[in-house]
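Visitor: The structure under discussion is supplied below as structure tokens; questions concerning it will follow.
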Amino acid sequence: MDNALQQFKNLVGIKFQLHNSLFTSLPFHRIEKTGVLLSLFLIHCEEGYRKQQSPNDIISSFLKQYTGYTKEQEQLDLLFRFIQYAERQVVLFDALEDAAFKQVHDVNGTGTLKHLASEVIQSQKQDALAEKLKDFSVRLVLTAHPTQFYPGEVLGIIHDLSRALQEDDTAMVNLYLQQLGKTPFLKKQKPTPYDEAVSLVWYLENVFYQASGRILSQLKADFPDAVNAKNPIIRLGFWPGGDRDGNPYVKVNTTKEVAETLRKGILKCYYFDVRRLKRRLTFKGVDNVLAELEQKLYTNLFIPGHKTDVTSAELLEKMRAVRETLISQHNGLFLYMVDSFISKVEVFGLYFATLDVRQDSSVHEKVFEAIAEKTNLLPKNYTELSEDEKIKALFNLSPLEDAAVLGNELYEDAIETTSAIKDIQQYNGEQGCNRYIISHSTSALNVIEVYGLFLLSGWHKGKVKADIIPLFETIEDLQQAANVMKSLYSIDTYRQHLKQRGNTQTIMLGFSDGTKDGGYLMANWSIYKAKEELTRISREYDVNVVFFDGRGGPPARGGGKTHRFYASMGQNIANNEIQLTVQGQTVSSNFGTVDSAQFNIEQLIHAGINNSIFAAKKNTLTDEEDKLLQSLADDSYTAYTALKNHPYFLEYLMHASPLRFYAETNIGSRPAKRNTGAKMNLNDLRAIPFVGAWSQLKQNVTGYYGVGTAFKKIDEAGKWKSVEHLYKNSLFFKTLMDNCEMAMKKSFFPLTAYLSKHPKYGELWMMMCEEYDLTAKYIARLSGSTDLMHNYPVDQLSIQMRERIVLPLLTIQQYGITKVRELDENLVQSAQKDSYEKLVMRCSFGIINAGRNSA
């Protein structure tokens with residue numbers, strides 16, 4: 001670890017200082033003066049917060065002390081230049097971290113495939129591994145959730161800048177920095193769902209395609225008898241274009257268009273790979289096969305009307321024949337290239353990533369109310385029927401000839417989408433689109449309603465080629481999930497459907513809304529317990545259950561050290577597959593380069609396999625540990641609920657944070673709240689802006705609040721030793737605390753300390769600050785250090801450096817929020833109000849991007 005830290009200091013810390021100085025020599029308007037003033041401003045901020053000054057005071061005194069600007073417009077211009085400069089500093093830091101990835105991370109160490117190979121061989125567990133790999137896989141589902149503030153052009157610059165930094169090509173670094181200086185960071189228009197899809201397809205083509213091929217080839221090389229060709233181990237999912245929950249801009253045509261883009265994307269990758277193979281495999285008996293394949297792929301890609309000319313089975317058959325010829329006639333020359341290509345086809349087929357469909361259960365409910373009212377397909381008194389009677393009626397549905405009869409675009413889309421799934425499967429293969437996720441699932445009826453949609457759109461009963469996936473999110477829903485699934489498993493027709501789907505039921509569990517609803521400890525514990533109960537019920541009914549985790553970037557949304565959570569699951573939790581969402585920043589920060597993607601995917605594969613083969617029994621909580629965690633969760637939930645129910649809780653967030661400006665950032669196609677017409681309330685507010693607003697306030701309450709109170713109660717009851725025992729012996733609890741430390745490391749209460757004496761919000765601010773201090777005190781007792789994240793020195797230093805870069809932005813943002821608020825409160829019409837609002841919004845970009853997993 002000391003070596004990794006030194007490498008980080010050399011390759012990131014020192015290089016950042018060196019290349020940062022290049023910014024001041026860029027030939028742009030007033031940039032040199034901006035760089036010098038920004039350095040002074042950073043020091044001024046640090047000194048100001050030590051003196052307990054407010055952001056307003058800090059900026060006012062800086063402008064007076066270091067500039068001659070007296071006009072408001074001049075002052076605003078300088079603050080905007082600070083933002084532009086700091087944004088580019090963040091990009092430089094990102095690029096340096098990406099460039100140094102292999103030197104800073106032990107790519108052959110703990111948690112990698114090489115480490116797994118040595119573990120398996122040393123313990124002679126090859127047979128256990130082969131058994132595990134029959135059905136184990138890791139599914140990463142890329143979502144369109146708006147936490148990525150870099151436009152595509154800037155992501156491209158980061159990619160190229162990282163390469164130039166790796167190669168120490170100073171001339172190109174300078175050119176890319178100039179390009180960066182001229183490239184706008186602001187999106188003038190909201191992206192469409194299709195735009196979001198295209199930006200993520202870039203990662204599929206440039207990162208996941210290469211990384212997945214490498215991993216599968218390595219697994220096959222290390223364990224040729226264990227890897228099952230029918231189970232590719234790595235699977236990718238995709239939500240942009242399919243996720244219509246709360247997004248009115250996703251229509252059936254969007255879904256079809258995105259599916260076509262995914263298909264073309266993978267065919268393009270295959271086409272270029274075959275061309276590369278052609279340059280090497282110039283031998284008799286293989287050159288002609290590759291030439292034919294190249295022409296076929298070209299025809300499929302570029303000539304209209306040839307969509308069904310190629311199949312993944314045909315690609316595999318031809319490449320395996322090439323492989324045999326290479327071995328038998330050409331000494332196996334360039335065999336590794338052929339093996340890599342075959343691995344990629346096994347992973348990606350003709351679909352690249354499975355396009356998931358998602359909609360809210362309330363929409364489905366309304367569709368069937370309309371069906372009952374406007375057609376004869378359901379009884380007219382459908383709404384008055386019991387749940388069992390409704391389920392029976394839904395199973396007897398006939399196809400709806402014309403969805404337009406419903407007279408509602410949303411209802412029409414629900415039916416047309418299930419019909420479109422059949423079309424997508426025809427061209428992309430069944431894996432192209434075969435999962436339908438139901439948000440806010442609270443009953444077996446919610447699942448059967450989706451089955452009913454398939455019947456309405458022409459699918460035959462017993463032949464629906466799609467998995468219907470309920471999503472449980474709130475604390476109450478998680479606690480009721482097992483009862484819902486028990487009811488569902490008791491329905492004969494649905495059991496027949498499951499048999500046809502490999503007797504497997506996927507269940508999605510949402511971390512984001514759970515944390516918003518119940519706080520950090522209770523949300524994580526509720527999901528853990530729900531998984532145990534759902535595993536027990538599913539085993540009782542002889543159903544293979546697979547958990548799909550809706551995780552965001554930060555600890556408050558199920559992120560952080562994610563692979564360690566999967567390594568910590570005990571034997572009472574089904575572990576056949578690891579499925580999780582990868583959102584916004586997490587895509588670029590954890591999977592932004594081939595090296596980082598390979599490393600992080602390997603960590604997840606290792607976590608699942610290692611836990612199953614070596615550690616499941618050890619990681620299973622004892623009854624005493626279970627009771628202790630339940631007690632901690634209950635106490636933290638009580639504390640968090642008291643905070644959440646404070647009459648000014650949401651009002652405070654609106655007052656002090658940039659929450660109200662989220663919708664104007666143009667970073668995502670989806671509205672910031674579900675019910676766009678109503679006044680803001682906590683239920684409608686989406687978890688991403690909720691958690692993101694707290695992270696920009698540097699208070700991160702959803703990552704720690706209630707933990708300190710829970711520890712204090714246990715301590716006062718004389719049971720602190722049991723918590724210490726849990727910390728030392730439970731990987732699950734240790735990971736929970738490590739992630740809590742990360743959320744706290746990214747908090748900075750001096751930023752908002754001026755609110756501590758506010759007549760209305762002072763009490764709330766004090767509650768949060770005191771809970772932070774209490775939690776920090778008890779975590780220090782557990783970890784043996786008052787230095788948060790001391791066990792992860794590289795991550796700790798990275799966060800410290802990033803937080804220092806954005807301190808001026810945080811200060812400017814609070815200054816802007818205060819100015820807008822003052823103008824609103826005094827009913828003053830100012831020409832500058834628009835500029836202050838833009839100031840707040842622009843700061844968000846740099847703050848969120850620097851956090852890398854802050855929303």
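Just remember, in the structure tokens the first chain shown is A, the second B, etc., residues are 1-based per chain, and ligands are 1-based in the order shown.
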Would you kindly return, as a list in words, each protein, DNA or RNA residue with an atom no farther than 6 Å from any atom of segment 462-471 of chain A, considering only C-alpha atoms and excluding same-chain residues fewer than 2 positions away?
Guide: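 Residues meeting the cut-off are Asn434, Arg435, Tyr436, Ile437, Ile438, Ser439, Ser441, His460, His497, Thr506, Ile507, Met508 and Leu509 of chain A.
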Visitor: Keeping C-alpha atoms for every residue in the selection just given, could you write it to a file as a CSV table (one decimal), in the first residue's frame?
Guide:
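Okay, this is what ended up in selection_9.csv:
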chain,number,residue,atom,x,y,z
A,434,ASN,CA,-36.1,-9.9,-22.4
A,435,ARG,CA,-36.5,-8.1,-19.0
A,436,TYR,CA,-39.4,-5.9,-17.8
A,437,ILE,CA,-38.8,-4.2,-14.4
A,438,ILE,CA,-41.7,-2.8,-12.3
A,439,SER,CA,-41.0,0.1,-10.1
A,441,SER,CA,-44.0,-3.2,-6.8
A,460,HIS,CA,-49.3,-16.4,-26.2
A,497,HIS,CA,-44.1,-19.1,-16.8
A,506,THR,CA,-35.0,-12.0,-10.8
A,507,ILE,CA,-35.9,-9.5,-8.0
A,508,MET,CA,-34.6,-5.9,-8.0
A,509,LEU,CA,-33.9,-4.1,-4.8
Visitor: What are the DSSP strand (DSSP E) residues of segment 82-191 of chain A, as a ChimeraX atom specification?
Guide: /A:137-143
Visitor: Which residues of segment 174-256 of chain A come within 10 Å of segment 94-116 of chain A, and for each one, what is the closest pair of atoms and their distance in Å to one decimal, counting only C-alpha atoms, sorted by chain and residue number, as a Markdown table?
Guide:
| residue | atom | partner | partner_atom | distance |
| --- | --- | --- | --- | --- |
| A:Ile215 | CA | A:Leu113 | CA | 8.1 |
| A:Gln218 | CA | A:Leu113 | CA | 7.9 |
| A:Leu219 | CA | A:Leu113 | CA | 7.4 |
| A:Asp222 | CA | A:Lys114 | CA | 8.5 |
Visitor: Give me, as CSV, the closest atom pair and its distance (Å, one decimal) for every residue of segment 567-639 of chain A within a cut-off of 8 Å of segment 689-707 of chain A, counting only C-alpha atoms, rows sorted by chain and rising number.
Guide:
residue,atom,partner,partner_atom,distance
A:Leu632,CA,A:Val707,CA,7.7
A:Asp635,CA,A:Gly706,CA,7.2
A:Ser636,CA,A:Gly706,CA,3.9
A:Tyr637,CA,A:Gly706,CA,6.6
A:Thr638,CA,A:Gly706,CA,7.7
A:Ala639,CA,A:Gly706,CA,5.1
Visitor: Selected residues, all heavy atoms, written as a short mmCIF file (atom, residue, chain, number, x, y, z; two decimals), in the first residue's frame, please.
Guide:
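Generated output (again_4.cif):
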data_model
loop_
_atom_site.label_atom_id
_atom_site.label_comp_id
_atom_site.auth_asym_id
_atom_site.auth_seq_id
_atom_site.Cartn_x
_atom_site.Cartn_y
_atom_site.Cartn_z
N LEU A 632 -29.07 -1.91 15.91
CA LEU A 632 -28.40 -0.71 15.39
C LEU A 632 -29.24 -0.05 14.30
O LEU A 632 -29.40 1.18 14.26
CB LEU A 632 -27.02 -1.07 14.83
CG LEU A 632 -25.93 -1.46 15.84
CD1 LEU A 632 -24.72 -2.07 15.14
CD2 LEU A 632 -25.50 -0.23 16.67
N ASP A 635 -32.36 1.74 15.81
CA ASP A 635 -32.03 3.00 16.49
C ASP A 635 -31.64 4.08 15.49
O ASP A 635 -31.99 5.26 15.66
CB ASP A 635 -30.89 2.78 17.50
CG ASP A 635 -31.36 1.99 18.73
OD1 ASP A 635 -32.58 2.01 19.02
OD2 ASP A 635 -30.51 1.35 19.39
N SER A 636 -30.89 3.69 14.45
CA SER A 636 -30.49 4.69 13.46
C SER A 636 -31.72 5.16 12.67
O SER A 636 -31.82 6.34 12.31
CB SER A 636 -29.43 4.12 12.50
OG SER A 636 -30.00 3.18 11.61
N TYR A 637 -32.64 4.24 12.42
CA TYR A 637 -33.87 4.57 11.69
C TYR A 637 -34.71 5.58 12.48
O TYR A 637 -35.24 6.55 11.93
CB TYR A 637 -34.67 3.29 11.45
CG TYR A 637 -35.98 3.48 10.70
CD1 TYR A 637 -36.00 4.00 9.42
CD2 TYR A 637 -37.20 3.14 11.30
CE1 TYR A 637 -37.20 4.16 8.73
CE2 TYR A 637 -38.40 3.30 10.62
CZ TYR A 637 -38.39 3.81 9.34
OH TYR A 637 -39.58 3.98 8.66
N THR A 638 -34.79 5.37 13.79
CA THR A 638 -35.53 6.30 14.65
C THR A 638 -34.92 7.70 14.56
O THR A 638 -35.63 8.70 14.44
CB THR A 638 -35.52 5.81 16.11
OG1 THR A 638 -36.10 4.49 16.16
CG2 THR A 638 -36.29 6.74 17.02
N ALA A 639 -33.58 7.75 14.62
CA ALA A 639 -32.88 9.04 14.56
C ALA A 639 -33.09 9.71 13.20
O ALA A 639 -33.39 10.91 13.13
CB ALA A 639 -31.39 8.84 14.83
#
Visitor: Using only C-alpha atoms, which residue out of A:Phe302, A:Tyr194, A:Tyr640, A:Tyr778 lies closest to Val252 of chain A?
Guide: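 Result for the nearest residue to Val252 of chain A: A:Tyr194.
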